[in-house]
Amino acid sequence: MSLTLPLRCLFLIFLGSLSSCLAAADSAPDPFANPPRPAFAGQTDAPRASTSNIQMDVILADLGPGRPRAIDALPDGSLLVAESSGRVRILQADGSVSAPLTGLPPFRSGGGRILMDIELDADFGATRRVFFGYEAEGEDGPLEQVASARLSADMSRFENLQILGNLPSRRLTSTPDGKLFITTIGYMEMRPEVQDLTSLRGKVLRINADGSIPANNPYVGLTNVRPEIYAIGHRDADGAMLHPQTGELWTVEHGPMGGDELNVVRAGQNSGWPYISYGKEYDGSEIGPTQWPGVAQPLYYWFPSLAPSGLIMVENERFPGWQGSVLIGSLSPPQGRFLIRLLMDGERVIGEEHLLVDYDRRIRDITEAPDGTIYLLTDSENDAEGGRVFPGEVIRLMPR
C-alpha cells in the first residue's frame with residue numbers, strides 16, 4: 001500500500017474513518033456502486049426504446065492526428081468539419097473534401113486542444129458568419145479567445161475576422177436574436193472558481209455577436225461580477241443546442257464518476273457544481289448532496305457515466321418517429337461508445353435508445369442537414385496497447 005493517502009483521508013482520520021480510506025486506496029472504485037436516488041420519477045434510467053431501423057455510411061475517414069472536434073451542416077447540405085489542431089475543411093455529401101480553409105483566427109501552434117468549437121451564426125444565410133472558440137498564443141502561454149469570421153462565397157477561406165474577446169470556451173451556440181452562448185470548463189483545479197462570480201470558469205456565458213455584453217444579462221450592473229455570466233455551477237458542458245420550439249439553451253455535461261447531465265439553462269441559474277452532483281469523486285467518495293434549495297436539477301442524468309458530447313434535437317421527419325428526439329454522442333470507454341437517442345415529452349425523458357453499439361466508436365459531435373440527414377463526427381483514437389487505433393470519421397445516418 002502506498003504511504004500517500006488522499007487528502008480527504010487526512011480529515012477522516014479525526015472522524016474515525018481511516019479504515020474505509022485505506023480500503024479505497026488499495027482498490028479501484030466500482031463506478032456502479034451506490035447509485036444516487038433521483039429527485040423525481042424519470043430523472044434517470046428511462047425505459048429502453050424500441051430499436052430504430054437505420055443504416056450508416058462512412059463518408060470521410062482520414063481524421064487522425066488532428067482530433068475531430070466539431071461538425072456543422074451548411075445550408076447547401078455540405079459540412080464544416082473542424083479538428084482540435086485547427087484544421088477546418090468543407091465536406092460534400094459525396095465524400096469529397098476541400099483543402100484546409102484559410103483566414104482562420106490566430107490559433108497557437110503546437111499540439112493539444114487548440115480549436116474548441118465552431119458554430120454557424122443562427123442567421124448564417126444572411127451573414128455567412130462562423131464563430132470560433134480556440135487558444136491563441138499569449139505572452140504568458142495559451143490565451144483563450146472567441147472570434148467570428150465570414151465564410152467566403154467560394155467557401156475557400158474566412159474573411160473579416162473579428163476577435164470578440166479573451167474568453168474561455170467549450171461549446172458555442174448562436175441565437176436568432178444575435179447572441180452567442182459559450183459554455184466553459186470547471187473541473188480539476190478550476191473547481192474553486194466555479195461558484196466565484198469574478199471568474200468565467202464553470203459557467204455559461206452570453207455575449208452579443210459583436211462581442212459586447214447584452215444589457216439583459218442577469219448580472220449586468222453588479223460590482224465584482226463578470227457581466228458575461230449567464231448561469232453558473234457547471235463542470236463541463238460538452239454539448240449545447242437551442243431548443244427548436246422554446247428557444248432555450250439545453251446542454252449535456254460530463255459528470256465526474258457518474259452524474260452526466262442533460263440540462264436546460266436559464267438566466268441566473270446555479271446548477272450546483274462542485275458541491276451538488278449525482279456523480280462521485282474518482283476515489284469513490286461522495287462529493288456532496290444531490291439536491292439543495294435554490295439549485296437547479298438536471299432534466300436527466302446517467303449513472304454510471306456515458307461521457308456525453310454533441311447535442312441536437314431532431315427537427316426533420318426523415319427518420320420515422322425521431323422528430324423531437326434528442327441525440328447525444330457517447331465517449332465513454334468503460335460504459336460504451338455509441339449514439340444516444342432520448343424520446344422526449346416536453347422536458348421529460350420517456351425513453352432511451354442506444355444506437356451503433358456494435359460499431360463501438362467515440363461520437364464527438366452531431367449535426368442535422370437541411371434535408372434531415374444526420375451526420376456524426378467520431379473521435380480519433382491511438383491506443384495501440386488497448387487495441388483501439390482508429391482515425392476520426394464522418395458518418396452519415398439514413399433511415400433503412
# chains A, B, ... in the order shown; residues from 1 in each chain; ligands from 1

$ residues_around --residues "region 172-174 of chain A" --least-positions-apart "2" --cutoff "8 Å" --atoms "only C-alpha atoms" --output "compact mmCIF listing (two decimals) with N, CA and C atoms, in the first residue's frame"
# COMPACT_ATOMS: atom_id res chain seq x y z
N ASP A 117 -14.33 24.75 -30.63
CA ASP A 117 -15.62 24.61 -31.29
C ASP A 117 -15.74 25.60 -32.43
N ILE A 118 -16.59 25.27 -33.39
CA ILE A 118 -17.05 26.20 -34.40
C ILE A 118 -18.58 26.20 -34.37
N GLU A 119 -19.19 27.30 -34.77
CA GLU A 119 -20.65 27.42 -34.72
C GLU A 119 -21.11 28.37 -35.81
N LEU A 120 -22.07 27.93 -36.61
CA LEU A 120 -22.66 28.81 -37.61
C LEU A 120 -23.55 29.84 -36.93
N ASP A 121 -23.51 31.05 -37.42
CA ASP A 121 -24.47 32.07 -36.99
C ASP A 121 -25.88 31.54 -37.24
N ALA A 122 -26.78 31.79 -36.31
CA ALA A 122 -28.18 31.37 -36.48
C ALA A 122 -28.79 31.98 -37.74
N PHE A 131 -18.55 31.35 -35.87
CA PHE A 131 -17.89 31.66 -34.61
C PHE A 131 -16.87 30.57 -34.27
N PHE A 132 -15.80 30.98 -33.59
CA PHE A 132 -14.72 30.07 -33.21
C PHE A 132 -14.40 30.24 -31.73
N GLY A 133 -14.20 29.14 -31.02
CA GLY A 133 -13.63 29.14 -29.68
C GLY A 133 -12.30 28.42 -29.74
N SER A 169 -13.74 28.81 -23.66
CA SER A 169 -14.91 28.22 -24.30
C SER A 169 -14.77 26.71 -24.36
N ARG A 170 -15.91 26.06 -24.40
CA ARG A 170 -16.00 24.62 -24.64
C ARG A 170 -16.91 24.40 -25.84
N PRO A 176 -31.07 33.27 -32.68
CA PRO A 176 -31.66 34.12 -33.72
C PRO A 176 -31.70 35.60 -33.37
N GLY A 178 -29.27 37.32 -32.18
CA GLY A 178 -27.94 37.92 -32.26
C GLY A 178 -27.07 37.75 -31.04
N LYS A 179 -27.31 36.71 -30.26
CA LYS A 179 -26.49 36.43 -29.07
C LYS A 179 -25.66 35.16 -29.30
N LEU A 180 -24.66 34.97 -28.45
CA LEU A 180 -23.82 33.78 -28.51
C LEU A 180 -23.65 33.24 -27.10
N PHE A 181 -24.11 32.00 -26.88
CA PHE A 181 -23.86 31.31 -25.62
C PHE A 181 -22.51 30.59 -25.71
N ILE A 182 -21.78 30.59 -24.58
CA ILE A 182 -20.47 29.96 -24.51
C ILE A 182 -20.43 29.14 -23.23
N THR A 183 -20.21 27.83 -23.34
CA THR A 183 -20.02 27.02 -22.14
C THR A 183 -18.53 26.97 -21.82
N ALA A 240 -24.25 21.50 -26.68
CA ALA A 240 -25.19 22.60 -26.43
C ALA A 240 -26.05 22.82 -27.67
N MET A 241 -27.30 23.19 -27.45
CA MET A 241 -28.22 23.48 -28.55
C MET A 241 -29.29 24.45 -28.08
N LEU A 242 -29.95 25.10 -29.03
CA LEU A 242 -31.18 25.84 -28.74
C LEU A 242 -32.36 24.94 -29.04

$ closest_atom_pairs --of "region 192-257 of chain A" --to "region 272-294 of chain A" --cutoff "6 Å" --atoms "only C-alpha atoms" --output "JSON lines"
{"residue": "A:Gly233", "atom": "CA", "partner": "A:Trp273", "partner_atom": "CA", "distance": 4.5}
{"residue": "A:His234", "atom": "CA", "partner": "A:Trp273", "partner_atom": "CA", "distance": 5.5}
{"residue": "A:Gly255", "atom": "CA", "partner": "A:Gly279", "partner_atom": "CA", "distance": 5.9}
{"residue": "A:Pro256", "atom": "CA", "partner": "A:Gly279", "partner_atom": "CA", "distance": 5.7}
{"residue": "A:Met257", "atom": "CA", "partner": "A:Lys280", "partner_atom": "CA", "distance": 5.1}

$ select_by_dssp --residues "region 106-202 of chain A" --states "helix (DSSP H, G or I)" --output "VMD selection string"
chain A and resid 124 to 127 188 to 194

$ closest_atom_pairs --of "region 288-314 of chain A" --to "region 71-87 of chain A" --cutoff "12 Å" --atoms "only C-alpha atoms" --output "CSV"
residue,atom,partner,partner_atom,distance
A:Gly310,CA,A:Ile71,CA,9.4
A:Leu311,CA,A:Ile71,CA,11.3
A:Ile312,CA,A:Asp72,CA,11.0

$ write_last_selection --atoms "C-alpha atoms" --output "PDB file, in the first residue's frame"
ATOM      1  CA  GLY A 310     -22.551  16.713 -29.028  1.00  0.00           C
ATOM      2  CA  LEU A 311     -26.260  17.528 -28.782  1.00  0.00           C
ATOM      3  CA  ILE A 312     -29.099  18.154 -31.222  1.00  0.00           C
TER       4      ILE A 312
END

$ residues_around --residues "region 189-198 of chain A" --least-positions-apart "5" --cutoff "6 Å" --atoms "only C-alpha atoms" --output "PyMOL selection string"
chain A and resi 224-226+233

$ select_by_dssp --residues "region 55-239 of chain A" --states "strand (DSSP E or B)" --output "NGL selection string"
:A and (55-63 or 68-73 or 79-83 or 88-91 or 97 or 102 or 107 or 115-120 or 129-138 or 141-151 or 157-165 or 171-174 or 179-183 or 203-208 or 229-232 or 237-239)

$ residues_around --residues "Ile213 (chain A)" --least-positions-apart "4" --cutoff "8 Å" --atoms "only C-alpha atoms" --output "ChimeraX atom specification"
/A:206-208,217,227-228

$ write_last_selection --atoms "N, CA and C atoms" --output "PDB file, in the first residue's frame"
ATOM      1  N   ARG A 206     -22.844  34.617 -22.019  1.00  0.00           N
ATOM      2  CA  ARG A 206     -23.713  35.107 -23.097  1.00  0.00           C
ATOM      3  C   ARG A 206     -23.211  36.479 -23.518  1.00  0.00           C
ATOM      4  N   ILE A 207     -22.856  36.588 -24.806  1.00  0.00           N
ATOM      5  CA  ILE A 207     -22.407  37.860 -25.361  1.00  0.00           C
ATOM      6  C   ILE A 207     -23.213  38.162 -26.626  1.00  0.00           C
ATOM      7  N   ASN A 208     -23.139  39.404 -27.078  1.00  0.00           N
ATOM      8  CA  ASN A 208     -23.682  39.743 -28.382  1.00  0.00           C
ATOM      9  C   ASN A 208     -22.741  39.253 -29.473  1.00  0.00           C
ATOM     10  N   ASN A 217     -28.354  40.607 -19.545  1.00  0.00           N
ATOM     11  CA  ASN A 217     -27.690  39.510 -18.841  1.00  0.00           C
ATOM     12  C   ASN A 217     -27.977  39.621 -17.345  1.00  0.00           C
ATOM     13  N   PRO A 227     -19.879  40.470 -16.204  1.00  0.00           N
ATOM     14  CA  PRO A 227     -21.195  40.648 -16.821  1.00  0.00           C
ATOM     15  C   PRO A 227     -21.501  39.657 -17.927  1.00  0.00           C
ATOM     16  N   GLU A 228     -20.482  38.927 -18.415  1.00  0.00           N
ATOM     17  CA  GLU A 228     -20.733  37.910 -19.443  1.00  0.00           C
ATOM     18  C   GLU A 228     -21.496  36.703 -18.898  1.00  0.00           C
TER      19      GLU A 228
END

$ residues_around --residues "region 137-149 of chain A" --least-positions-apart "6" --cutoff "10 Å" --atoms "only C-alpha atoms" --output "PyMOL selection string"
chain A and resi 103-109+114-121+127-131+157-169+172+182+209-211

$ write_last_selection --atoms "C-alpha atoms" --output "PDB file, in the first residue's frame"
ATOM      1  CA  GLY A 103      -8.207  33.152 -42.920  1.00  0.00           C
ATOM      2  CA  LEU A 104      -8.662  31.390 -39.594  1.00  0.00           C
ATOM      3  CA  PRO A 105      -8.224  33.096 -36.198  1.00  0.00           C
ATOM      4  CA  PRO A 106      -4.703  33.313 -34.709  1.00  0.00           C
ATOM      5  CA  PHE A 107      -4.516  29.779 -33.326  1.00  0.00           C
ATOM      6  CA  ARG A 108      -1.486  28.956 -31.234  1.00  0.00           C
ATOM      7  CA  SER A 109       0.974  26.481 -32.707  1.00  0.00           C
ATOM      8  CA  ILE A 114      -6.360  24.296 -29.801  1.00  0.00           C
ATOM      9  CA  LEU A 115      -9.724  24.689 -31.553  1.00  0.00           C
ATOM     10  CA  MET A 116     -12.550  24.002 -29.115  1.00  0.00           C
ATOM     11  CA  ASP A 117     -15.620  24.607 -31.289  1.00  0.00           C
ATOM     12  CA  ILE A 118     -17.051  26.204 -34.404  1.00  0.00           C
ATOM     13  CA  GLU A 119     -20.646  27.418 -34.721  1.00  0.00           C
ATOM     14  CA  LEU A 120     -22.657  28.815 -37.610  1.00  0.00           C
ATOM     15  CA  ASP A 121     -24.471  32.073 -36.989  1.00  0.00           C
ATOM     16  CA  THR A 127     -24.388  36.892 -42.548  1.00  0.00           C
ATOM     17  CA  ARG A 128     -22.248  33.870 -43.613  1.00  0.00           C
ATOM     18  CA  ARG A 129     -20.696  34.282 -40.170  1.00  0.00           C
ATOM     19  CA  VAL A 130     -18.953  31.485 -38.266  1.00  0.00           C
ATOM     20  CA  PHE A 131     -17.889  31.664 -34.608  1.00  0.00           C
ATOM     21  CA  ARG A 157     -11.470  30.957 -46.842  1.00  0.00           C
ATOM     22  CA  PHE A 158     -12.688  33.064 -43.945  1.00  0.00           C
ATOM     23  CA  GLU A 159     -12.807  36.848 -44.186  1.00  0.00           C
ATOM     24  CA  ASN A 160     -13.490  39.861 -41.935  1.00  0.00           C
ATOM     25  CA  LEU A 161     -12.013  38.215 -38.848  1.00  0.00           C
ATOM     26  CA  GLN A 162     -13.070  39.822 -35.548  1.00  0.00           C
ATOM     27  CA  ILE A 163     -11.748  38.885 -32.106  1.00  0.00           C
ATOM     28  CA  LEU A 164     -14.808  39.063 -29.841  1.00  0.00           C
ATOM     29  CA  GLY A 165     -12.984  38.707 -26.527  1.00  0.00           C
ATOM     30  CA  ASN A 166     -10.464  36.872 -24.393  1.00  0.00           C
ATOM     31  CA  LEU A 167     -12.925  34.248 -23.220  1.00  0.00           C
ATOM     32  CA  PRO A 168     -12.617  30.543 -22.391  1.00  0.00           C
ATOM     33  CA  SER A 169     -14.912  28.220 -24.297  1.00  0.00           C
ATOM     34  CA  LEU A 172     -20.725  27.747 -28.710  1.00  0.00           C
ATOM     35  CA  ILE A 182     -20.471  29.958 -24.507  1.00  0.00           C
ATOM     36  CA  ALA A 209     -22.454  38.611 -31.787  1.00  0.00           C
ATOM     37  CA  ASP A 210     -20.117  41.628 -31.899  1.00  0.00           C
ATOM     38  CA  GLY A 211     -18.553  40.754 -28.525  1.00  0.00           C
TER      39      GLY A 211
END

$ closest_atom_pairs --of "region 47-139 of chain A" --to "region 320-338 of chain A" --cutoff "10 Å" --atoms "only C-alpha atoms" --output "tab-separated table"
residue	atom	partner	partner_atom	distance
A:Ser52	CA	A:Pro320	CA	8.5
A:Asn53	CA	A:Pro320	CA	9.0
A:Ile54	CA	A:Pro320	CA	9.9

$ write_last_selection --atoms "N, CA and C atoms" --output "mmCIF file, in the first residue's frame"
data_model
loop_
_atom_site.group_PDB
_atom_site.id
_atom_site.type_symbol
_atom_site.label_atom_id
_atom_site.label_comp_id
_atom_site.auth_asym_id
_atom_site.auth_seq_id
_atom_site.Cartn_x
_atom_site.Cartn_y
_atom_site.Cartn_z
ATOM 1 N N SER A 52 -34.430 1.435 -33.548
ATOM 2 C CA SER A 52 -34.659 2.126 -34.811
ATOM 3 C C SER A 52 -33.980 1.376 -35.949
ATOM 4 N N ASN A 53 -34.570 1.466 -37.124
ATOM 5 C CA ASN A 53 -34.022 0.795 -38.302
ATOM 6 C C ASN A 53 -33.257 1.831 -39.132
ATOM 7 N N ILE A 54 -31.933 1.872 -38.962
ATOM 8 C CA ILE A 54 -31.113 2.865 -39.649
ATOM 9 C C ILE A 54 -29.944 2.188 -40.350
#

$ atom_distance --atom1 "CA of Arg150 (chain A)" --atom2 "CA of Tyr134 (chain A)"
16.6 Å

$ closest_residue --among "A:Ser305, A:Asn34, A:Thr246, A:Asn270" --to "Gly258 (chain A)" --atoms "only C-alpha atoms"
A:Ser305

$ atom_distance --atom1 "CA of Ile395 (chain A)" --atom2 "CA of Leu60 (chain A)"
7.3 Å

$ atom_distance --atom1 "CA of Pro304 (chain A)" --atom2 "CA of Glu352 (chain A)"
14.9 Å

$ residues_around --residues "region 389-394 of chain A" --least-positions-apart "2" --cutoff "6 Å" --atoms "only C-alpha atoms" --output "compact mmCIF listing (two decimals) with C-alpha atoms, in the first residue's frame"
# COMPACT_ATOMS: atom_id res chain seq x y z
CA VAL A 58 -18.54 6.43 -43.54
CA ILE A 59 -18.02 9.34 -45.94
CA LEU A 60 -14.72 10.67 -44.55
CA ALA A 61 -12.15 8.60 -42.68
CA ASP A 62 -8.85 10.49 -42.62
CA LEU A 63 -9.36 12.49 -39.42
CA GLY A 64 -6.38 11.28 -37.44
CA LEU A 376 -21.86 12.06 -36.76
CA LEU A 377 -18.26 13.01 -36.07
CA THR A 378 -16.24 10.29 -34.33
CA ASP A 379 -13.08 10.81 -32.32
CA SER A 380 -9.69 9.51 -33.43
CA GLU A 381 -8.03 7.00 -31.10
CA ASN A 382 -4.39 5.96 -30.82
CA ASP A 383 -4.35 3.37 -28.03
CA ALA A 384 -2.28 0.55 -29.51

$ closest_residue --among "A:Gly259, A:Gly221, A:Gly268, A:Gly386" --to "Pro36 (chain A)" --atoms "only C-alpha atoms"
A:Gly259

$ closest_residue --among "A:Leu299, A:Gly372, A:Leu339, A:Ile363" --to "Ala46 (chain A)" --atoms "only C-alpha atoms"
A:Leu299

$ closest_residue --among "A:Arg69, A:Asn263, A:Ala93, A:Ala126" --to "Asp57 (chain A)" --atoms "only C-alpha atoms"
A:Ala93
